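Listing of coords24.cif, mmCIF, C-alpha atoms
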```cif
data_my_file
loop_
_atom_site.label_atom_id
_atom_site.label_comp_id
_atom_site.auth_asym_id
_atom_site.auth_seq_id
_atom_site.Cartn_x
_atom_site.Cartn_y
_atom_site.Cartn_z
CA ALA I 192 16.66 16.33 0.70
CA GLN I 193 14.19 15.32 -1.96
CA SER I 194 12.71 11.87 -1.59
CA VAL I 195 9.93 9.48 -2.46
CA ALA I 196 8.43 6.92 -0.10
CA GLN I 197 6.33 3.88 -0.86
CA PRO I 198 5.37 2.63 2.59
CA GLU I 199 4.07 -0.78 1.51
CA ASP I 200 6.36 -3.46 0.15
CA GLN I 201 3.38 -5.50 -1.01
CA VAL I 202 -0.33 -4.91 -1.52
CA ASN I 203 -2.77 -7.79 -1.92
CA VAL I 204 -6.23 -7.23 -3.35
CA ALA I 205 -8.97 -9.48 -4.66
CA GLU I 206 -9.83 -9.32 -8.33
CA GLY I 207 -12.64 -6.85 -8.95
CA ASN I 208 -11.93 -4.85 -5.82
CA PRO I 209 -10.51 -1.32 -5.89
CA LEU I 210 -6.79 -0.99 -5.35
CA THR I 211 -4.57 1.75 -3.94
CA VAL I 212 -0.78 1.89 -4.00
CA LYS I 213 0.58 4.64 -1.80
CA CYS I 214 3.29 7.20 -2.51
CA THR I 215 4.42 10.24 -0.57
CA TYR I 216 7.07 12.72 -1.62
CA SER I 217 9.29 15.46 -0.34
CA VAL I 218 10.52 18.02 -2.85
CA SER I 219 11.35 21.68 -2.98
CA GLY I 220 9.15 23.58 -5.37
CA ASN I 221 6.42 22.11 -7.52
CA PRO I 222 6.69 18.35 -7.91
CA TYR I 223 6.79 16.40 -11.15
CA LEU I 224 5.39 13.00 -10.14
CA PHE I 225 5.26 9.74 -12.06
CA TRP I 226 4.03 6.17 -11.75
CA TYR I 227 5.66 3.27 -13.57
CA VAL I 228 4.89 -0.44 -13.68
CA GLN I 229 7.42 -3.24 -14.11
CA TYR I 230 6.57 -6.77 -15.17
CA PRO I 231 9.07 -9.62 -14.60
CA ASN I 232 12.22 -9.41 -16.71
CA ARG I 233 11.05 -6.17 -18.32
CA GLY I 234 11.89 -2.50 -18.13
CA LEU I 235 9.59 0.05 -16.56
CA GLN I 236 6.47 1.18 -18.39
CA PHE I 237 5.06 4.68 -17.94
CA LEU I 238 1.56 4.78 -16.44
CA LEU I 239 0.84 8.43 -15.70
CA LYS I 240 2.30 11.69 -14.47
CA TYR I 241 1.33 14.86 -12.68
CA ILE I 242 2.94 18.16 -13.65
CA THR I 243 0.21 20.71 -13.05
CA GLY I 244 -3.54 21.09 -13.40
CA ASP I 245 -6.24 18.70 -12.21
CA ASN I 246 -5.35 16.78 -9.11
CA LEU I 247 -6.83 13.58 -10.53
CA VAL I 248 -4.68 12.20 -13.32
CA LYS I 249 -5.82 9.40 -15.58
CA GLY I 250 -3.35 7.04 -17.17
CA SER I 251 -2.90 3.76 -18.97
CA TYR I 252 -4.76 0.49 -18.28
CA GLY I 253 -7.49 2.21 -16.25
CA PHE I 254 -5.14 3.54 -13.58
CA GLU I 255 -5.46 6.98 -12.06
CA ALA I 256 -3.63 8.89 -9.36
CA GLU I 257 -4.63 11.69 -7.06
CA PHE I 258 -2.22 14.49 -6.26
CA ASN I 259 -2.72 15.85 -2.76
CA LYS I 260 -0.50 18.81 -2.04
CA SER I 261 -1.39 19.19 1.64
CA GLN I 262 -0.59 15.53 2.34
CA THR I 263 2.30 15.44 -0.17
CA SER I 264 0.87 12.25 -1.60
CA PHE I 265 0.35 10.80 -5.05
CA HIS I 266 -1.50 7.52 -4.56
CA LEU I 267 -2.16 5.22 -7.49
CA LYS I 268 -5.67 3.84 -7.79
CA LYS I 269 -7.83 1.60 -9.93
CA PRO I 270 -11.55 1.01 -9.41
CA SER I 271 -11.50 -2.69 -10.25
CA ALA I 272 -8.31 -4.76 -10.10
CA LEU I 273 -7.39 -7.42 -12.64
CA VAL I 274 -5.11 -10.41 -12.08
CA SER I 275 -3.00 -9.06 -14.94
CA ASP I 276 -2.33 -5.91 -12.87
CA SER I 277 -0.05 -7.98 -10.65
CA ALA I 278 3.38 -6.38 -11.00
CA LEU I 279 5.90 -4.08 -9.33
CA TYR I 280 4.89 -0.41 -9.18
CA PHE I 281 7.28 2.50 -8.79
CA CYS I 282 6.53 6.08 -7.86
CA ALA I 283 9.08 8.66 -9.01
CA VAL I 284 9.71 12.38 -8.69
CA ARG I 285 11.79 14.58 -10.93
CA VAL I 286 14.38 16.51 -8.99
CA THR I 287 13.59 20.19 -9.41
CA SER I 288 16.98 21.67 -8.68
CA GLY I 289 17.81 22.55 -12.26
CA THR I 290 18.65 18.99 -13.20
CA TYR I 291 16.68 16.32 -14.96
CA LYS I 292 17.33 13.54 -12.50
CA TYR I 293 14.63 11.36 -11.04
CA ILE I 294 14.25 9.71 -7.65
CA PHE I 295 12.39 6.43 -7.53
CA GLY I 296 10.62 4.87 -4.61
CA THR I 297 11.52 1.41 -3.40
CA GLY I 298 8.61 -0.15 -5.28
CA THR I 299 5.39 -1.85 -4.21
CA ARG I 300 4.54 -5.34 -5.34
CA LEU I 301 0.87 -5.60 -6.21
CA LYS I 302 -0.69 -9.03 -6.09
CA VAL I 303 -4.24 -9.40 -7.39
CA LEU I 304 -5.84 -12.62 -6.26
CA ALA I 305 -8.36 -14.43 -8.42
CA GLU N 207 6.09 0.13 -26.42
CA ALA N 208 8.81 2.77 -26.47
CA ASP N 209 11.50 2.73 -29.16
CA ILE N 210 14.43 2.14 -26.88
CA TYR N 211 16.56 -0.95 -27.25
CA GLN N 212 19.12 -2.69 -25.11
CA THR N 213 21.50 -5.48 -26.05
CA PRO N 214 22.28 -8.03 -24.92
CA ARG N 215 19.23 -8.92 -22.84
CA TYR N 216 21.18 -11.47 -20.83
CA LEU N 217 24.94 -11.78 -20.36
CA VAL N 218 27.00 -14.23 -18.30
CA ILE N 219 30.71 -13.54 -18.23
CA GLY N 220 33.79 -14.29 -16.19
CA THR N 221 35.58 -11.97 -13.80
CA GLY N 222 38.00 -9.53 -15.40
CA LYS N 223 36.31 -9.34 -18.79
CA LYS N 224 35.57 -6.03 -20.48
CA ILE N 225 31.96 -5.60 -21.51
CA THR N 226 29.83 -2.98 -23.19
CA LEU N 227 26.08 -2.79 -22.71
CA GLU N 228 24.36 -1.17 -25.66
CA CYS N 229 21.43 1.25 -25.51
CA SER N 230 19.81 2.95 -28.48
CA GLN N 231 16.68 5.04 -28.90
CA THR N 232 15.01 6.19 -32.09
CA MET N 233 12.84 8.92 -30.57
CA GLY N 234 15.43 11.71 -30.83
CA HIS N 235 15.38 12.23 -27.08
CA ASP N 236 18.09 14.51 -25.75
CA LYS N 237 18.39 12.95 -22.30
CA MET N 238 19.49 9.41 -21.55
CA TYR N 239 20.04 7.52 -18.31
CA TRP N 240 21.49 4.30 -16.93
CA TYR N 241 20.04 2.72 -13.80
CA GLN N 242 21.17 -0.30 -11.83
CA GLN N 243 18.46 -2.45 -10.30
CA ASP N 244 18.78 -5.64 -8.29
CA PRO N 245 15.80 -7.92 -9.06
CA GLY N 246 12.59 -6.53 -7.64
CA MET N 247 14.38 -3.72 -5.89
CA GLU N 248 14.66 0.05 -6.31
CA LEU N 249 16.45 1.80 -9.14
CA HIS N 250 19.76 3.57 -8.64
CA LEU N 251 20.95 6.17 -11.14
CA ILE N 252 24.53 5.48 -12.20
CA HIS N 253 24.98 7.73 -15.26
CA TYR N 254 23.06 10.32 -17.24
CA SER N 255 23.48 12.51 -20.28
CA TYR N 256 21.77 15.71 -21.34
CA GLY N 257 22.98 15.52 -24.92
CA VAL N 258 25.86 14.68 -27.20
CA ASN N 259 29.24 14.87 -25.45
CA SER N 260 27.51 15.44 -22.11
CA THR N 261 27.75 12.76 -19.41
CA GLU N 262 27.50 12.88 -15.64
CA LYS N 263 27.83 10.36 -12.86
CA GLY N 264 24.69 9.50 -10.97
CA ASP N 265 23.97 9.05 -7.31
CA LEU N 266 25.26 5.50 -7.02
CA SER N 267 28.98 5.11 -7.36
CA SER N 268 29.80 2.88 -10.28
CA GLU N 269 32.99 1.60 -11.85
CA SER N 270 31.39 1.79 -15.27
CA THR N 271 31.87 4.51 -17.86
CA VAL N 272 29.57 5.89 -20.56
CA SER N 273 29.84 7.88 -23.76
CA ARG N 274 27.39 9.94 -25.84
CA ILE N 275 28.84 10.49 -29.27
CA ARG N 276 25.49 10.28 -31.05
CA THR N 277 22.09 11.37 -29.81
CA GLU N 278 20.58 7.93 -30.20
CA HIS N 279 23.36 5.86 -28.63
CA PHE N 280 24.44 5.66 -24.96
CA PRO N 281 26.66 2.63 -24.30
CA LEU N 282 27.87 1.61 -20.85
CA THR N 283 31.27 -0.05 -20.43
CA LEU N 284 32.80 -2.08 -17.62
CA GLU N 285 36.56 -2.37 -18.10
CA SER N 286 36.94 -5.30 -15.71
CA ALA N 287 33.79 -7.04 -14.58
CA ARG N 288 33.49 -8.36 -11.03
CA PRO N 289 30.81 -10.46 -9.29
CA SER N 290 29.67 -7.30 -7.47
CA HIS N 291 28.55 -5.95 -10.87
CA THR N 292 25.94 -8.68 -11.14
CA SER N 293 22.64 -6.83 -11.52
CA GLN N 294 20.07 -5.62 -14.00
CA TYR N 295 20.95 -2.50 -15.97
CA LEU N 296 18.13 -0.33 -17.31
CA CYS N 297 18.54 2.38 -19.92
CA ALA N 298 16.02 5.21 -20.24
CA SER N 299 15.52 8.34 -22.29
CA SER N 300 13.38 11.47 -22.09
CA GLU N 301 12.83 14.70 -23.95
CA THR N 302 12.77 18.28 -22.75
CA ARG N 303 9.90 19.64 -24.76
CA GLY N 304 6.43 18.70 -25.88
CA GLY N 305 3.46 17.01 -24.27
CA LEU N 306 5.47 14.04 -23.11
CA ALA N 307 8.36 16.09 -21.77
CA ASP N 308 10.07 14.68 -18.73
CA THR N 309 8.52 11.24 -19.14
CA GLN N 310 11.22 8.59 -19.06
CA TYR N 311 10.95 5.66 -21.45
CA PHE N 312 12.79 2.50 -20.46
CA GLY N 313 14.45 -0.24 -22.41
CA PRO N 314 13.87 -3.90 -21.54
CA GLY N 315 17.06 -4.11 -19.49
CA THR N 316 20.23 -6.19 -19.53
CA ARG N 317 20.60 -8.81 -16.85
CA LEU N 318 24.33 -9.21 -16.17
CA THR N 319 25.85 -12.09 -14.24
CA VAL N 320 29.57 -12.06 -13.48
CA LEU N 321 30.99 -15.37 -12.33
#
```
Structure rendered as structure tokens:
Amino acid sequence: AQSVAQPEDQVNVAEGNPLTVKCTYSVSGNPYLFWYVQYPNRGLQFLLKYITGDNLVKGSYGFEAEFNKSQTSFHLKKPSALVSDSALYFCAVRVTSGTYKYIFGTGTRLKVLA
Amino acid sequence: EADIYQTPRYLVIGTGKKITLECSQTMGHDKMYWYQQDPGMELHLIHYSYGVNSTEKGDLSSESTVSRIRTEHFPLTLESARPSHTSQYLCASSETRGGLADTQYFGPGTRLTVL
């Protein structure tokens, strides 16, 4: 079965420090991987995606993610966290069985402390 | 911000009422989706559509129904609302081709409370 796991319910980091939000996946075939951010009472906003090519993907708001095929991971990173980065982050994978459905992780709440 | 709209943003209704949650997108995307999300929790796919007159049920069983008569419009209807339907409903769309293919764009959501 195809799945996405976000092992941390919450990540706390001090402002200015680097942050990492973890995501691992299990899919058949080549994965289409995504990161989204959700602010309170809002829909999800697209941050970045990996389809093919360079393993390091750069996205919006200074975020980047590293695709690691051997570890089946797609961790979200940022070199220097801002208080305004505090939000709920979702990793997602597109199901590759001939459909266009997506599986979302359970979400990780990022809290950046001033 | 993506051009995908949901109305109403907030809705409080009584049990047994019929409601329709509206979702429209102006990007010409062929695919549209409805997700149910309890606050701060994961998303569950309840319906999706690959194009006009194409609708499928998602992974989470839902008593709601959808229609796709026009490309830009994907309304969700509950014939008889119950307290168990209280949740946030997110609409999304994506396209098949181009540089942003497969990227889902989400509306702001409708927070539904059934009393």
Distance of CA of Thr316 (chain N) from CA of Tyr216 (chain N), expressed in Å to one decimal place: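 Distance reported for this atom pair: 5.5 Å.
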Residues returned when the PyMOL selection byres ((chain I and resi 258) around 12) runs on this file, as number ranges by chain: I: 213-216, 221-226, 239-249, 255-257, 259-268
Counting only C-alpha atoms, which residues in chain N sit no more than 7 Å from chain I? For each one, give the nearest pair of atoms and the distance in Å, sorted by chain then residue number, as a tab-separated table.
```
residue	atom	partner	partner_atom	distance
N:Met247	CA	I:Thr297	CA	6.4
N:Glu248	CA	I:Thr297	CA	4.5
N:Leu249	CA	I:Phe295	CA	6.4
N:Leu296	CA	I:Gly234	CA	6.7
N:Tyr311	CA	I:Phe237	CA	6.9
N:Phe312	CA	I:Gly234	CA	5.6
N:Gly313	CA	I:Gly234	CA	5.5
N:Pro314	CA	I:Gly234	CA	4.2
N:Gly315	CA	I:Gly234	CA	5.6
```
Identify, on the basis of all atoms listed in the file, every residue whose closest approach to Thr277 (chain N) does not exceed 9 Å; exclude the query and any residue fewer than 4 positions from it along the same chain; express the result as a PDB file with C-alpha atoms, in the frame of the given file.
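Saved the output as around20.pdb:
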```pdb
ATOM      1  CA  SER N 230      19.810   2.950 -28.480  1.00  0.00           C
ATOM      2  CA  GLN N 231      16.680   5.040 -28.900  1.00  0.00           C
ATOM      3  CA  GLY N 234      15.430  11.710 -30.830  1.00  0.00           C
ATOM      4  CA  HIS N 235      15.380  12.230 -27.080  1.00  0.00           C
ATOM      5  CA  ASP N 236      18.090  14.510 -25.750  1.00  0.00           C
ATOM      6  CA  LYS N 237      18.390  12.950 -22.300  1.00  0.00           C
ATOM      7  CA  MET N 238      19.490   9.410 -21.550  1.00  0.00           C
ATOM      8  CA  GLY N 257      22.980  15.520 -24.920  1.00  0.00           C
ATOM      9  CA  VAL N 258      25.860  14.680 -27.200  1.00  0.00           C
TER      10      VAL N 258
END
```
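Candidate residues N:His279, N:Lys223, N:Arg274, N:Arg317 were compared for distance to Thr292 (chain N), and the nearest is N:Arg317, using only C-alpha atoms.
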Of the listed residues N:Thr309, N:Ser299, N:Asn259, N:Ser268, that which approaches Glu285 (chain N) most closely, counting only C-alpha atoms: N:Ser268
Minimum-distance residue to Ala283 (chain I), chosen among N:Gly264, N:His291, N:Phe280, N:His250 (using only C-alpha atoms): N:His250
Requested file, region 210-233 of chain I restricted to N, CA, C and O atoms, as a PDB file, in the first residue's frame:
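Below is the file that was written, result_23.pdb:
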```
ATOM      1  N   LEU I 210      15.703  24.515  10.391  1.00  0.00           N
ATOM      2  CA  LEU I 210      14.601  23.626  10.732  1.00  0.00           C
ATOM      3  C   LEU I 210      14.525  22.473   9.740  1.00  0.00           C
ATOM      4  O   LEU I 210      14.895  22.614   8.570  1.00  0.00           O
ATOM      5  N   THR I 211      14.033  21.344  10.233  1.00  0.00           N
ATOM      6  CA  THR I 211      13.778  20.167   9.398  1.00  0.00           C
ATOM      7  C   THR I 211      12.452  19.568   9.821  1.00  0.00           C
ATOM      8  O   THR I 211      12.213  19.353  11.008  1.00  0.00           O
ATOM      9  N   VAL I 212      11.596  19.307   8.839  1.00  0.00           N
ATOM     10  CA  VAL I 212      10.346  18.598   9.059  1.00  0.00           C
ATOM     11  C   VAL I 212      10.423  17.321   8.237  1.00  0.00           C
ATOM     12  O   VAL I 212      10.616  17.365   7.027  1.00  0.00           O
ATOM     13  N   LYS I 213      10.239  16.189   8.900  1.00  0.00           N
ATOM     14  CA  LYS I 213      10.532  14.913   8.258  1.00  0.00           C
ATOM     15  C   LYS I 213       9.321  14.300   7.543  1.00  0.00           C
ATOM     16  O   LYS I 213       8.181  14.461   7.977  1.00  0.00           O
ATOM     17  N   CYS I 214       9.629  13.588   6.465  1.00  0.00           N
ATOM     18  CA  CYS I 214       8.609  12.882   5.702  1.00  0.00           C
ATOM     19  C   CYS I 214       9.241  11.653   5.071  1.00  0.00           C
ATOM     20  O   CYS I 214      10.311  11.747   4.461  1.00  0.00           O
ATOM     21  N   THR I 215       8.612  10.511   5.230  1.00  0.00           N
ATOM     22  CA  THR I 215       9.022   9.307   4.518  1.00  0.00           C
ATOM     23  C   THR I 215       7.835   8.778   3.740  1.00  0.00           C
ATOM     24  O   THR I 215       6.679   9.037   4.092  1.00  0.00           O
ATOM     25  N   TYR I 216       8.104   8.032   2.690  1.00  0.00           N
ATOM     26  CA  TYR I 216       7.030   7.601   1.808  1.00  0.00           C
ATOM     27  C   TYR I 216       7.217   6.144   1.415  1.00  0.00           C
ATOM     28  O   TYR I 216       8.316   5.591   1.512  1.00  0.00           O
ATOM     29  N   SER I 217       6.141   5.579   0.946  1.00  0.00           N
ATOM     30  CA  SER I 217       6.173   4.227   0.388  1.00  0.00           C
ATOM     31  C   SER I 217       5.261   4.229  -0.824  1.00  0.00           C
ATOM     32  O   SER I 217       4.040   4.394  -0.689  1.00  0.00           O
ATOM     33  N   VAL I 218       5.855   4.109  -2.002  1.00  0.00           N
ATOM     34  CA  VAL I 218       5.083   4.095  -3.243  1.00  0.00           C
ATOM     35  C   VAL I 218       5.663   3.063  -4.179  1.00  0.00           C
ATOM     36  O   VAL I 218       6.820   2.692  -4.065  1.00  0.00           O
ATOM     37  N   SER I 219       4.861   2.647  -5.115  1.00  0.00           N
ATOM     38  CA  SER I 219       5.361   1.794  -6.193  1.00  0.00           C
ATOM     39  C   SER I 219       5.697   2.694  -7.368  1.00  0.00           C
ATOM     40  O   SER I 219       4.951   3.611  -7.690  1.00  0.00           O
ATOM     41  N   GLY I 220       6.829   2.490  -7.954  1.00  0.00           N
ATOM     42  CA  GLY I 220       7.243   3.338  -9.065  1.00  0.00           C
ATOM     43  C   GLY I 220       7.884   4.618  -8.580  1.00  0.00           C
ATOM     44  O   GLY I 220       8.224   4.774  -7.411  1.00  0.00           O
ATOM     45  N   ASN I 221       8.053   5.548  -9.493  1.00  0.00           N
ATOM     46  CA  ASN I 221       8.688   6.821  -9.153  1.00  0.00           C
ATOM     47  C   ASN I 221       7.710   7.719  -8.408  1.00  0.00           C
ATOM     48  O   ASN I 221       6.588   7.906  -8.842  1.00  0.00           O
ATOM     49  N   PRO I 222       8.147   8.297  -7.301  1.00  0.00           N
ATOM     50  CA  PRO I 222       7.224   9.106  -6.504  1.00  0.00           C
ATOM     51  C   PRO I 222       7.093  10.531  -7.016  1.00  0.00           C
ATOM     52  O   PRO I 222       8.042  11.115  -7.488  1.00  0.00           O
ATOM     53  N   TYR I 223       5.893  11.072  -6.894  1.00  0.00           N
ATOM     54  CA  TYR I 223       5.637  12.500  -7.052  1.00  0.00           C
ATOM     55  C   TYR I 223       5.383  13.014  -5.632  1.00  0.00           C
ATOM     56  O   TYR I 223       4.377  12.669  -5.024  1.00  0.00           O
ATOM     57  N   LEU I 224       6.255  13.847  -5.118  1.00  0.00           N
ATOM     58  CA  LEU I 224       6.209  14.252  -3.715  1.00  0.00           C
ATOM     59  C   LEU I 224       5.973  15.747  -3.590  1.00  0.00           C
ATOM     60  O   LEU I 224       6.502  16.527  -4.385  1.00  0.00           O
ATOM     61  N   PHE I 225       5.231  16.134  -2.586  1.00  0.00           N
ATOM     62  CA  PHE I 225       4.822  17.522  -2.408  1.00  0.00           C
ATOM     63  C   PHE I 225       4.923  17.919  -0.936  1.00  0.00           C
ATOM     64  O   PHE I 225       4.758  17.090  -0.041  1.00  0.00           O
ATOM     65  N   TRP I 226       5.133  19.210  -0.707  1.00  0.00           N
ATOM     66  CA  TRP I 226       4.983  19.809   0.608  1.00  0.00           C
ATOM     67  C   TRP I 226       4.004  20.967   0.508  1.00  0.00           C
ATOM     68  O   TRP I 226       4.078  21.792  -0.422  1.00  0.00           O
ATOM     69  N   TYR I 227       3.106  21.008   1.505  1.00  0.00           N
ATOM     70  CA  TYR I 227       2.134  22.086   1.621  1.00  0.00           C
ATOM     71  C   TYR I 227       2.198  22.662   3.033  1.00  0.00           C
ATOM     72  O   TYR I 227       2.558  21.970   3.988  1.00  0.00           O
ATOM     73  N   VAL I 228       1.807  23.927   3.156  1.00  0.00           N
ATOM     74  CA  VAL I 228       1.717  24.571   4.461  1.00  0.00           C
ATOM     75  C   VAL I 228       0.290  25.062   4.674  1.00  0.00           C
ATOM     76  O   VAL I 228      -0.379  25.485   3.718  1.00  0.00           O
ATOM     77  N   GLN I 229      -0.179  24.964   5.897  1.00  0.00           N
ATOM     78  CA  GLN I 229      -1.533  25.431   6.224  1.00  0.00           C
ATOM     79  C   GLN I 229      -1.474  26.357   7.426  1.00  0.00           C
ATOM     80  O   GLN I 229      -1.009  25.972   8.504  1.00  0.00           O
ATOM     81  N   TYR I 230      -1.971  27.569   7.235  1.00  0.00           N
ATOM     82  CA  TYR I 230      -2.093  28.529   8.330  1.00  0.00           C
ATOM     83  C   TYR I 230      -3.506  28.413   8.904  1.00  0.00           C
ATOM     84  O   TYR I 230      -4.415  27.924   8.217  1.00  0.00           O
ATOM     85  N   PRO I 231      -3.728  28.862  10.127  1.00  0.00           N
ATOM     86  CA  PRO I 231      -5.044  28.706  10.769  1.00  0.00           C
ATOM     87  C   PRO I 231      -6.183  29.242   9.908  1.00  0.00           C
ATOM     88  O   PRO I 231      -6.091  30.327   9.341  1.00  0.00           O
ATOM     89  N   ASN I 232      -7.248  28.446   9.834  1.00  0.00           N
ATOM     90  CA  ASN I 232      -8.462  28.819   9.111  1.00  0.00           C
ATOM     91  C   ASN I 232      -8.205  29.109   7.629  1.00  0.00           C
ATOM     92  O   ASN I 232      -8.914  29.920   7.023  1.00  0.00           O
ATOM     93  N   ARG I 233      -7.224  28.463   7.073  1.00  0.00           N
ATOM     94  CA  ARG I 233      -6.912  28.635   5.652  1.00  0.00           C
ATOM     95  C   ARG I 233      -6.806  27.277   4.968  1.00  0.00           C
ATOM     96  O   ARG I 233      -6.681  26.237   5.624  1.00  0.00           O
TER      97      ARG I 233
END
```
